[in-house]
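File shown: entry_21.cif (mmCIF, N, CA and C atoms).
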data_target
#
loop_
_atom_site.label_atom_id
_atom_site.label_comp_id
_atom_site.auth_asym_id
_atom_site.auth_seq_id
_atom_site.Cartn_x
_atom_site.Cartn_y
_atom_site.Cartn_z
N MET A 1 9.80 7.37 51.00
CA MET A 1 10.32 6.10 50.48
C MET A 1 10.23 6.13 48.95
N HIS A 2 11.31 5.77 48.31
CA HIS A 2 11.40 5.80 46.85
C HIS A 2 11.33 4.36 46.33
N LEU A 3 10.21 4.02 45.68
CA LEU A 3 10.04 2.67 45.15
C LEU A 3 10.75 2.52 43.82
N THR A 4 11.21 1.33 43.52
CA THR A 4 11.80 1.07 42.22
C THR A 4 10.70 0.85 41.20
N ALA A 5 11.05 0.97 39.93
CA ALA A 5 10.07 0.77 38.85
C ALA A 5 9.46 -0.62 38.95
N GLU A 6 10.25 -1.61 39.27
CA GLU A 6 9.75 -2.98 39.37
C GLU A 6 8.64 -3.09 40.42
N LYS A 7 8.84 -2.49 41.58
CA LYS A 7 7.81 -2.53 42.64
C LYS A 7 6.58 -1.73 42.24
N ILE A 8 6.79 -0.58 41.64
CA ILE A 8 5.67 0.27 41.22
C ILE A 8 4.81 -0.45 40.19
N LEU A 9 5.45 -1.10 39.23
CA LEU A 9 4.70 -1.75 38.14
C LEU A 9 3.90 -2.95 38.61
N LYS A 10 4.12 -3.44 39.81
CA LYS A 10 3.33 -4.54 40.37
C LYS A 10 2.07 -4.04 41.05
N LYS A 11 1.96 -2.73 41.23
CA LYS A 11 0.80 -2.15 41.90
C LYS A 11 -0.39 -2.05 40.94
N GLU A 12 -1.58 -2.02 41.51
CA GLU A 12 -2.80 -1.84 40.71
C GLU A 12 -3.04 -0.36 40.37
N ASP A 13 -2.78 0.50 41.33
CA ASP A 13 -3.00 1.94 41.16
C ASP A 13 -1.70 2.68 41.44
N PHE A 14 -1.46 3.74 40.66
CA PHE A 14 -0.24 4.52 40.82
C PHE A 14 -0.54 5.86 41.47
N THR A 15 0.34 6.29 42.35
CA THR A 15 0.26 7.64 42.90
C THR A 15 0.95 8.59 41.93
N ARG A 16 0.80 9.86 42.19
CA ARG A 16 1.49 10.87 41.39
C ARG A 16 3.00 10.64 41.46
N GLU A 17 3.49 10.35 42.65
CA GLU A 17 4.92 10.12 42.84
C GLU A 17 5.39 8.88 42.07
N ASP A 18 4.53 7.84 42.02
CA ASP A 18 4.88 6.64 41.25
C ASP A 18 5.08 6.99 39.78
N ILE A 19 4.16 7.78 39.25
CA ILE A 19 4.23 8.14 37.83
C ILE A 19 5.48 8.97 37.56
N ILE A 20 5.78 9.90 38.44
CA ILE A 20 6.99 10.71 38.28
C ILE A 20 8.22 9.82 38.30
N THR A 21 8.26 8.89 39.23
CA THR A 21 9.40 7.96 39.31
C THR A 21 9.54 7.17 38.03
N LEU A 22 8.42 6.65 37.51
CA LEU A 22 8.48 5.86 36.27
C LEU A 22 8.97 6.72 35.10
N LEU A 23 8.46 7.94 35.01
CA LEU A 23 8.86 8.81 33.90
C LEU A 23 10.33 9.25 33.99
N GLN A 24 10.88 9.24 35.18
CA GLN A 24 12.28 9.62 35.36
C GLN A 24 13.22 8.42 35.34
N SER A 25 12.69 7.24 35.14
CA SER A 25 13.54 6.04 35.21
C SER A 25 14.59 6.05 34.10
N GLN A 26 15.71 5.41 34.39
CA GLN A 26 16.84 5.33 33.47
C GLN A 26 17.33 3.90 33.38
N GLY A 27 18.13 3.60 32.39
CA GLY A 27 18.81 2.32 32.29
C GLY A 27 17.86 1.13 32.29
N GLU A 28 18.16 0.15 33.13
CA GLU A 28 17.39 -1.09 33.17
C GLU A 28 15.96 -0.86 33.66
N GLU A 29 15.77 0.09 34.57
CA GLU A 29 14.40 0.39 35.02
C GLU A 29 13.56 0.95 33.88
N ARG A 30 14.15 1.79 33.03
CA ARG A 30 13.42 2.31 31.86
C ARG A 30 13.09 1.16 30.90
N ASN A 31 14.04 0.25 30.69
CA ASN A 31 13.78 -0.91 29.83
C ASN A 31 12.65 -1.75 30.38
N LEU A 32 12.60 -1.91 31.70
CA LEU A 32 11.51 -2.65 32.33
C LEU A 32 10.17 -1.97 32.07
N LEU A 33 10.15 -0.65 32.21
CA LEU A 33 8.93 0.11 31.95
C LEU A 33 8.47 -0.09 30.50
N PHE A 34 9.40 -0.03 29.54
CA PHE A 34 9.05 -0.22 28.14
C PHE A 34 8.54 -1.64 27.88
N ARG A 35 9.15 -2.62 28.51
CA ARG A 35 8.69 -4.02 28.33
C ARG A 35 7.28 -4.19 28.90
N LYS A 36 7.04 -3.60 30.06
CA LYS A 36 5.71 -3.70 30.68
C LYS A 36 4.66 -3.00 29.82
N SER A 37 4.99 -1.85 29.27
CA SER A 37 4.03 -1.14 28.42
C SER A 37 3.74 -1.94 27.15
N ALA A 38 4.75 -2.58 26.59
CA ALA A 38 4.53 -3.41 25.40
C ALA A 38 3.65 -4.61 25.75
N GLU A 39 3.85 -5.18 26.92
CA GLU A 39 3.04 -6.32 27.37
C GLU A 39 1.57 -5.92 27.51
N ILE A 40 1.31 -4.76 28.09
CA ILE A 40 -0.06 -4.29 28.28
C ILE A 40 -0.70 -3.96 26.93
N LYS A 41 0.05 -3.32 26.04
CA LYS A 41 -0.46 -3.01 24.70
C LYS A 41 -0.83 -4.29 23.97
N GLU A 42 0.03 -5.29 24.04
CA GLU A 42 -0.23 -6.57 23.38
C GLU A 42 -1.49 -7.22 23.95
N LYS A 43 -1.67 -7.15 25.25
CA LYS A 43 -2.82 -7.76 25.91
C LYS A 43 -4.14 -7.13 25.46
N TYR A 44 -4.18 -5.81 25.38
CA TYR A 44 -5.43 -5.12 25.11
C TYR A 44 -5.65 -4.74 23.65
N ILE A 45 -4.59 -4.56 22.90
CA ILE A 45 -4.72 -4.11 21.51
C ILE A 45 -4.22 -5.15 20.52
N GLY A 46 -3.24 -5.92 20.92
CA GLY A 46 -2.66 -6.90 20.02
C GLY A 46 -1.47 -6.32 19.29
N ASN A 47 -0.99 -7.08 18.35
CA ASN A 47 0.19 -6.68 17.60
C ASN A 47 -0.23 -6.14 16.23
N LYS A 48 -1.02 -5.08 16.25
CA LYS A 48 -1.55 -4.51 15.02
C LYS A 48 -1.25 -3.01 14.97
N VAL A 49 -1.18 -2.52 13.77
CA VAL A 49 -1.06 -1.09 13.54
C VAL A 49 -2.29 -0.66 12.76
N TRP A 50 -2.95 0.39 13.22
CA TRP A 50 -4.12 0.91 12.53
C TRP A 50 -3.76 2.24 11.89
N PHE A 51 -4.05 2.36 10.61
CA PHE A 51 -3.81 3.60 9.90
C PHE A 51 -4.97 4.56 10.12
N ARG A 52 -4.66 5.83 10.27
CA ARG A 52 -5.67 6.88 10.30
C ARG A 52 -5.27 7.89 9.25
N GLY A 53 -6.18 8.17 8.34
CA GLY A 53 -5.92 9.16 7.31
C GLY A 53 -6.32 10.54 7.78
N LEU A 54 -5.52 11.51 7.44
CA LEU A 54 -5.83 12.90 7.77
C LEU A 54 -6.18 13.64 6.49
N ILE A 55 -7.39 14.16 6.44
CA ILE A 55 -7.84 14.93 5.28
C ILE A 55 -8.00 16.38 5.74
N GLU A 56 -6.98 17.16 5.44
CA GLU A 56 -7.02 18.60 5.76
C GLU A 56 -7.69 19.28 4.58
N PHE A 57 -8.97 19.56 4.72
CA PHE A 57 -9.72 19.98 3.55
C PHE A 57 -9.87 21.50 3.39
N SER A 58 -9.48 22.26 4.40
CA SER A 58 -9.56 23.71 4.27
C SER A 58 -8.70 24.38 5.33
N ASN A 59 -8.08 25.49 4.96
CA ASN A 59 -7.37 26.28 5.95
C ASN A 59 -8.02 27.65 6.10
N ILE A 60 -9.27 27.73 5.71
CA ILE A 60 -10.04 28.95 5.89
C ILE A 60 -10.61 28.93 7.31
N CYS A 61 -10.36 30.02 8.05
CA CYS A 61 -10.78 30.05 9.45
C CYS A 61 -11.34 31.42 9.81
N SER A 62 -12.39 31.41 10.63
CA SER A 62 -12.99 32.66 11.08
C SER A 62 -12.46 33.10 12.44
N LYS A 63 -11.63 32.28 13.06
CA LYS A 63 -11.07 32.59 14.39
C LYS A 63 -9.71 33.26 14.21
N ASP A 64 -9.25 33.92 15.24
CA ASP A 64 -7.97 34.60 15.17
C ASP A 64 -7.09 34.22 16.37
N CYS A 65 -6.97 32.92 16.62
CA CYS A 65 -6.18 32.41 17.74
C CYS A 65 -4.71 32.68 17.46
N LEU A 66 -4.04 33.39 18.34
CA LEU A 66 -2.68 33.85 18.08
C LEU A 66 -1.67 32.72 17.93
N TYR A 67 -1.93 31.55 18.51
CA TYR A 67 -0.99 30.42 18.42
C TYR A 67 -1.09 29.69 17.08
N CYS A 68 -2.11 29.95 16.30
CA CYS A 68 -2.41 29.12 15.13
C CYS A 68 -1.93 29.76 13.83
N GLY A 69 -1.29 28.96 13.00
CA GLY A 69 -0.77 29.44 11.72
C GLY A 69 -1.83 29.74 10.69
N ILE A 70 -3.03 29.15 10.83
CA ILE A 70 -4.07 29.41 9.83
C ILE A 70 -5.12 30.41 10.34
N ARG A 71 -4.80 31.13 11.40
CA ARG A 71 -5.75 32.10 11.95
C ARG A 71 -6.14 33.13 10.90
N LYS A 72 -7.32 33.67 11.09
CA LYS A 72 -7.91 34.63 10.15
C LYS A 72 -6.96 35.78 9.81
N GLY A 73 -6.23 36.28 10.79
CA GLY A 73 -5.36 37.43 10.59
C GLY A 73 -4.05 37.14 9.88
N ASN A 74 -3.74 35.89 9.64
CA ASN A 74 -2.48 35.55 8.96
C ASN A 74 -2.66 35.77 7.46
N ARG A 75 -2.00 36.79 6.95
CA ARG A 75 -2.12 37.14 5.52
C ARG A 75 -0.99 36.52 4.69
N ASN A 76 -0.13 35.72 5.32
CA ASN A 76 1.05 35.18 4.65
C ASN A 76 0.87 33.73 4.20
N LEU A 77 -0.32 33.33 3.88
CA LEU A 77 -0.52 31.98 3.35
C LEU A 77 -1.61 32.00 2.30
N THR A 78 -1.56 31.00 1.46
CA THR A 78 -2.57 30.84 0.43
C THR A 78 -3.69 29.98 1.00
N ARG A 79 -4.90 30.48 0.94
CA ARG A 79 -6.06 29.75 1.48
C ARG A 79 -6.53 28.72 0.45
N TYR A 80 -7.06 27.61 0.95
CA TYR A 80 -7.61 26.58 0.07
C TYR A 80 -8.83 25.95 0.70
N ASN A 81 -9.63 25.31 -0.12
CA ASN A 81 -10.83 24.62 0.33
C ASN A 81 -11.10 23.51 -0.68
N LEU A 82 -10.82 22.26 -0.29
CA LEU A 82 -11.05 21.15 -1.21
C LEU A 82 -12.53 21.02 -1.54
N SER A 83 -12.81 20.50 -2.72
CA SER A 83 -14.19 20.23 -3.10
C SER A 83 -14.68 18.98 -2.38
N ASP A 84 -15.99 18.82 -2.33
CA ASP A 84 -16.55 17.61 -1.72
C ASP A 84 -16.05 16.36 -2.45
N ASP A 85 -15.95 16.43 -3.78
CA ASP A 85 -15.47 15.27 -4.55
C ASP A 85 -14.03 14.92 -4.17
N GLU A 86 -13.19 15.92 -3.96
CA GLU A 86 -11.80 15.65 -3.56
C GLU A 86 -11.75 15.00 -2.17
N ILE A 87 -12.58 15.46 -1.26
CA ILE A 87 -12.63 14.89 0.09
C ILE A 87 -13.13 13.45 0.02
N LEU A 88 -14.17 13.21 -0.74
CA LEU A 88 -14.72 11.86 -0.86
C LEU A 88 -13.74 10.91 -1.54
N LYS A 89 -12.98 11.41 -2.49
CA LYS A 89 -11.97 10.58 -3.15
C LYS A 89 -10.89 10.17 -2.14
N ALA A 90 -10.48 11.10 -1.29
CA ALA A 90 -9.49 10.78 -0.26
C ALA A 90 -10.06 9.77 0.75
N ALA A 91 -11.32 9.94 1.13
CA ALA A 91 -11.96 9.00 2.05
C ALA A 91 -12.08 7.62 1.42
N GLU A 92 -12.42 7.58 0.14
CA GLU A 92 -12.52 6.29 -0.56
C GLU A 92 -11.16 5.60 -0.62
N PHE A 93 -10.10 6.37 -0.84
CA PHE A 93 -8.75 5.80 -0.83
C PHE A 93 -8.46 5.16 0.54
N ALA A 94 -8.79 5.89 1.60
CA ALA A 94 -8.56 5.37 2.95
C ALA A 94 -9.35 4.08 3.18
N HIS A 95 -10.58 4.05 2.73
CA HIS A 95 -11.41 2.85 2.90
C HIS A 95 -10.85 1.68 2.09
N LYS A 96 -10.54 1.90 0.83
CA LYS A 96 -10.04 0.83 -0.03
C LYS A 96 -8.69 0.28 0.46
N ASN A 97 -7.91 1.13 1.13
CA ASN A 97 -6.61 0.71 1.64
C ASN A 97 -6.66 0.30 3.11
N ARG A 98 -7.87 0.05 3.59
CA ARG A 98 -8.13 -0.53 4.92
C ARG A 98 -7.64 0.33 6.07
N TYR A 99 -7.74 1.63 5.92
CA TYR A 99 -7.48 2.52 7.05
C TYR A 99 -8.61 2.31 8.05
N GLY A 100 -8.32 2.42 9.33
CA GLY A 100 -9.35 2.25 10.34
C GLY A 100 -10.24 3.47 10.47
N SER A 101 -9.67 4.64 10.19
CA SER A 101 -10.44 5.86 10.37
C SER A 101 -9.77 7.01 9.61
N ILE A 102 -10.51 8.10 9.54
CA ILE A 102 -9.97 9.33 8.97
C ILE A 102 -10.29 10.46 9.93
N ALA A 103 -9.53 11.52 9.83
CA ALA A 103 -9.83 12.77 10.54
C ALA A 103 -10.07 13.84 9.50
N LEU A 104 -11.22 14.48 9.57
CA LEU A 104 -11.52 15.61 8.71
C LEU A 104 -11.11 16.87 9.46
N GLN A 105 -10.22 17.64 8.87
CA GLN A 105 -9.67 18.79 9.57
C GLN A 105 -9.75 20.03 8.70
N SER A 106 -10.10 21.13 9.33
CA SER A 106 -10.15 22.41 8.62
C SER A 106 -10.04 23.53 9.64
N GLY A 107 -10.01 24.75 9.13
CA GLY A 107 -10.15 25.89 10.01
C GLY A 107 -11.56 25.92 10.56
N GLU A 108 -11.77 26.75 11.56
CA GLU A 108 -13.11 26.84 12.16
C GLU A 108 -13.95 27.88 11.42
N THR A 109 -15.13 27.47 11.07
CA THR A 109 -16.07 28.35 10.40
C THR A 109 -17.43 28.18 11.04
N GLU A 110 -17.99 29.25 11.56
CA GLU A 110 -19.28 29.18 12.25
C GLU A 110 -20.39 29.59 11.29
N SER A 111 -20.88 28.63 10.52
CA SER A 111 -22.01 28.92 9.65
C SER A 111 -22.83 27.65 9.48
N VAL A 112 -24.10 27.84 9.28
CA VAL A 112 -24.99 26.70 9.07
C VAL A 112 -24.60 25.98 7.78
N ARG A 113 -24.22 26.73 6.78
CA ARG A 113 -23.82 26.13 5.49
C ARG A 113 -22.62 25.19 5.67
N PHE A 114 -21.61 25.64 6.44
CA PHE A 114 -20.44 24.80 6.69
C PHE A 114 -20.83 23.56 7.49
N ALA A 115 -21.64 23.72 8.52
CA ALA A 115 -22.08 22.57 9.34
C ALA A 115 -22.87 21.58 8.49
N ASP A 116 -23.74 22.09 7.62
CA ASP A 116 -24.50 21.20 6.73
C ASP A 116 -23.57 20.47 5.77
N ARG A 117 -22.55 21.16 5.28
CA ARG A 117 -21.58 20.52 4.38
C ARG A 117 -20.87 19.37 5.08
N VAL A 118 -20.39 19.62 6.29
CA VAL A 118 -19.67 18.58 7.03
C VAL A 118 -20.61 17.41 7.34
N GLU A 119 -21.84 17.71 7.74
CA GLU A 119 -22.80 16.64 8.01
C GLU A 119 -23.04 15.79 6.77
N ASN A 120 -23.21 16.43 5.63
CA ASN A 120 -23.41 15.71 4.37
C ASN A 120 -22.20 14.84 4.04
N LEU A 121 -21.00 15.39 4.23
CA LEU A 121 -19.78 14.61 3.96
C LEU A 121 -19.71 13.38 4.87
N ILE A 122 -20.06 13.54 6.12
CA ILE A 122 -20.03 12.40 7.05
C ILE A 122 -20.97 11.30 6.56
N HIS A 123 -22.19 11.67 6.18
CA HIS A 123 -23.14 10.67 5.68
C HIS A 123 -22.61 9.99 4.41
N ARG A 124 -22.04 10.76 3.51
CA ARG A 124 -21.54 10.18 2.26
C ARG A 124 -20.33 9.28 2.50
N ILE A 125 -19.47 9.66 3.43
CA ILE A 125 -18.31 8.81 3.75
C ILE A 125 -18.78 7.52 4.42
N LYS A 126 -19.74 7.62 5.31
CA LYS A 126 -20.30 6.41 5.94
C LYS A 126 -20.92 5.50 4.88
N ASP A 127 -21.62 6.09 3.91
CA ASP A 127 -22.23 5.30 2.83
C ASP A 127 -21.17 4.61 1.97
N LEU A 128 -20.14 5.35 1.58
CA LEU A 128 -19.15 4.75 0.68
C LEU A 128 -18.31 3.68 1.37
N SER A 129 -18.24 3.73 2.70
CA SER A 129 -17.45 2.73 3.42
C SER A 129 -18.32 1.67 4.10
N GLY A 130 -19.61 1.70 3.83
CA GLY A 130 -20.50 0.74 4.50
C GLY A 130 -20.49 0.91 6.01
N GLY A 131 -20.18 2.11 6.47
CA GLY A 131 -20.16 2.39 7.89
C GLY A 131 -18.90 1.92 8.61
N SER A 132 -17.94 1.40 7.88
CA SER A 132 -16.76 0.82 8.54
C SER A 132 -15.63 1.80 8.81
N LEU A 133 -15.64 2.95 8.15
CA LEU A 133 -14.56 3.93 8.31
C LEU A 133 -14.93 4.90 9.44
N GLY A 134 -14.13 4.90 10.49
CA GLY A 134 -14.36 5.84 11.58
C GLY A 134 -14.02 7.24 11.13
N ILE A 135 -14.71 8.23 11.71
CA ILE A 135 -14.50 9.62 11.33
C ILE A 135 -14.34 10.46 12.59
N THR A 136 -13.26 11.23 12.61
CA THR A 136 -13.03 12.19 13.69
C THR A 136 -13.02 13.57 13.07
N LEU A 137 -13.62 14.53 13.77
CA LEU A 137 -13.64 15.92 13.28
C LEU A 137 -12.65 16.74 14.07
#

Just give me the structure of the file as structure tokens.
Amino acid sequence: MHLTAEKILKKEDFTREDIITLLQSQGEERNLLFRKSAEIKEKYIGNKVWFRGLIEFSNICSKDCLYCGIRKGNRNLTRYNLSDDEILKAAEFAHKNRYGSIALQSGETESVRFADRVENLIHRIKDLSGGSLGITL
């Protein structure tokens, strides 16, 4: 039995087949799905947009993952590593401009020195934002 999007969206729990049906919906059924998703978003999140800043502070990496452009073996790029002051300045910008959070992103480096650096940056960013700026690594 093939349920319509309208019937599926009235259910509490969806089966795998329900989800496939919803994802394949077209025309008015797709519009219904979009309206329902907007209604749920409004209910739980509200009508707000939250900014997240991305601070890519280094492309130096000790891994050699073949899918990744910044892998250790890629000799066709210029490596960089922002200073702590540059990272903190970017975090301060995000805080002053009311971003909800930042993501600190870099290549992977397995060293105590790198881990200590990141830990120190997290503490300093929390201090400069009064703990209000979320941080994702």

Could you go through chain A and tell me which residues DSSP, when run on the backbone, assigns to strand (DSSP E), listing them as JSON, numbers by chain? {"A": [52, 53, 54, 55, 56, 57, 58, 101, 102, 103, 104, 105, 106, 134, 135, 136]}

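Interatomic distance, atom C of Lys7 (chain A) against atom N of Glu29 (chain A): 12.1 Å.
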
Excluding Gly100 (chain A) and residues on its chain fewer than 3 positions from it, collect all residues at most 5 Å away from it, counting only N, CA and C atoms, and give them as a CSV table (one decimal) with N, CA and C atoms, keeping the file's coordinate frame.
chain,number,residue,atom,x,y,z
A,51,PHE,N,-4.0,2.4,10.6
A,51,PHE,CA,-3.8,3.6,9.9
A,51,PHE,C,-5.0,4.6,10.1
A,133,LEU,N,-15.6,3.0,8.2
A,133,LEU,CA,-14.6,3.9,8.3
A,133,LEU,C,-14.9,4.9,9.4
A,134,GLY,N,-14.1,4.9,10.5
A,134,GLY,CA,-14.4,5.8,11.6
A,134,GLY,C,-14.0,7.2,11.1

Distance query 6.5 Å from (-14.4, 12.9, 14.5) using only N, CA and C atoms, result as a PyMOL selection string: chain A and resi 103-104+135-137

Run DSSP on the backbone of this structure and report the residues of chain A it assigns to helix (DSSP H, G or I), as an NGL selection string. :A and (5-9 or 16-23 or 27-44 or 84-96 or 112-128)

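The coordinates place CA of Tyr99 (chain A) at 28.5 Å from atom C of Leu33 (chain A).
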
What separation in Å, quoted to one decimal, exists between CA of Arg75 (chain A) and CA of Arg117 (chain A)? 25.6 Å

Answer as a list in words, residues within 10 Å of (-9.8, 30.7, 11.2) using only C-alpha atoms: Ser58, Asn59, Ile60, Cys61, Ser62, Lys63, Asp64, Cys65, Cys68, Gly69, Ile70, Arg71, Lys72, Gly73, Asn74, Ser106, Gly107, Glu108, Thr109 and Glu110 of chain A

Suppose a student applies the PyMOL selection byres ((chain A and resi 81-92) around 8) to this structure; what residues should they get, written as a short mmCIF file (atom, residue, chain, number, x, y, z; two decimals) with N, CA and C atoms, in the frame of the given file?
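Okay, selection-v4.cif is ready:
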data_model
loop_
_atom_site.label_atom_id
_atom_site.label_comp_id
_atom_site.auth_asym_id
_atom_site.auth_seq_id
_atom_site.Cartn_x
_atom_site.Cartn_y
_atom_site.Cartn_z
N GLY A 53 -6.18 8.17 8.34
CA GLY A 53 -5.92 9.16 7.31
C GLY A 53 -6.32 10.54 7.78
N LEU A 54 -5.52 11.51 7.44
CA LEU A 54 -5.83 12.90 7.77
C LEU A 54 -6.18 13.64 6.49
N ILE A 55 -7.39 14.16 6.44
CA ILE A 55 -7.84 14.93 5.28
C ILE A 55 -8.00 16.38 5.74
N GLU A 56 -6.98 17.16 5.44
CA GLU A 56 -7.02 18.60 5.76
C GLU A 56 -7.69 19.28 4.58
N PHE A 57 -8.97 19.56 4.72
CA PHE A 57 -9.72 19.98 3.55
C PHE A 57 -9.87 21.50 3.39
N SER A 58 -9.48 22.26 4.40
CA SER A 58 -9.56 23.71 4.27
C SER A 58 -8.70 24.38 5.33
N ASN A 59 -8.08 25.49 4.96
CA ASN A 59 -7.37 26.28 5.95
C ASN A 59 -8.02 27.65 6.10
N ILE A 60 -9.27 27.73 5.71
CA ILE A 60 -10.04 28.95 5.89
C ILE A 60 -10.61 28.93 7.31
N THR A 78 -1.56 31.00 1.46
CA THR A 78 -2.57 30.84 0.43
C THR A 78 -3.69 29.98 1.00
N ARG A 79 -4.90 30.48 0.94
CA ARG A 79 -6.06 29.75 1.48
C ARG A 79 -6.53 28.72 0.45
N TYR A 80 -7.06 27.61 0.95
CA TYR A 80 -7.61 26.58 0.07
C TYR A 80 -8.83 25.95 0.70
N PHE A 93 -10.10 6.37 -0.84
CA PHE A 93 -8.75 5.80 -0.83
C PHE A 93 -8.46 5.16 0.54
N ALA A 94 -8.79 5.89 1.60
CA ALA A 94 -8.56 5.37 2.95
C ALA A 94 -9.35 4.08 3.18
N HIS A 95 -10.58 4.05 2.73
CA HIS A 95 -11.41 2.85 2.90
C HIS A 95 -10.85 1.68 2.09
N LYS A 96 -10.54 1.90 0.83
CA LYS A 96 -10.04 0.83 -0.03
C LYS A 96 -8.69 0.28 0.46
N ASN A 97 -7.91 1.13 1.13
CA ASN A 97 -6.61 0.71 1.64
C ASN A 97 -6.66 0.30 3.11
N ARG A 98 -7.87 0.05 3.59
CA ARG A 98 -8.13 -0.53 4.92
C ARG A 98 -7.64 0.33 6.07
N ILE A 102 -10.51 8.10 9.54
CA ILE A 102 -9.97 9.33 8.97
C ILE A 102 -10.29 10.46 9.93
N LEU A 121 -21.00 15.39 4.23
CA LEU A 121 -19.78 14.61 3.96
C LEU A 121 -19.71 13.38 4.87
N ARG A 124 -22.04 10.76 3.51
CA ARG A 124 -21.54 10.18 2.26
C ARG A 124 -20.33 9.28 2.50
N ILE A 125 -19.47 9.66 3.43
CA ILE A 125 -18.31 8.81 3.75
C ILE A 125 -18.78 7.52 4.42
N LEU A 128 -20.14 5.35 1.58
CA LEU A 128 -19.15 4.75 0.68
C LEU A 128 -18.31 3.68 1.37
N SER A 129 -18.24 3.73 2.70
CA SER A 129 -17.45 2.73 3.42
C SER A 129 -18.32 1.67 4.10
#

Which of these residues is nearest to Lys36 (chain A), using only C-alpha atoms: A:Arg113, A:Lys10, A:Lys48, A:Lys126? A:Lys10
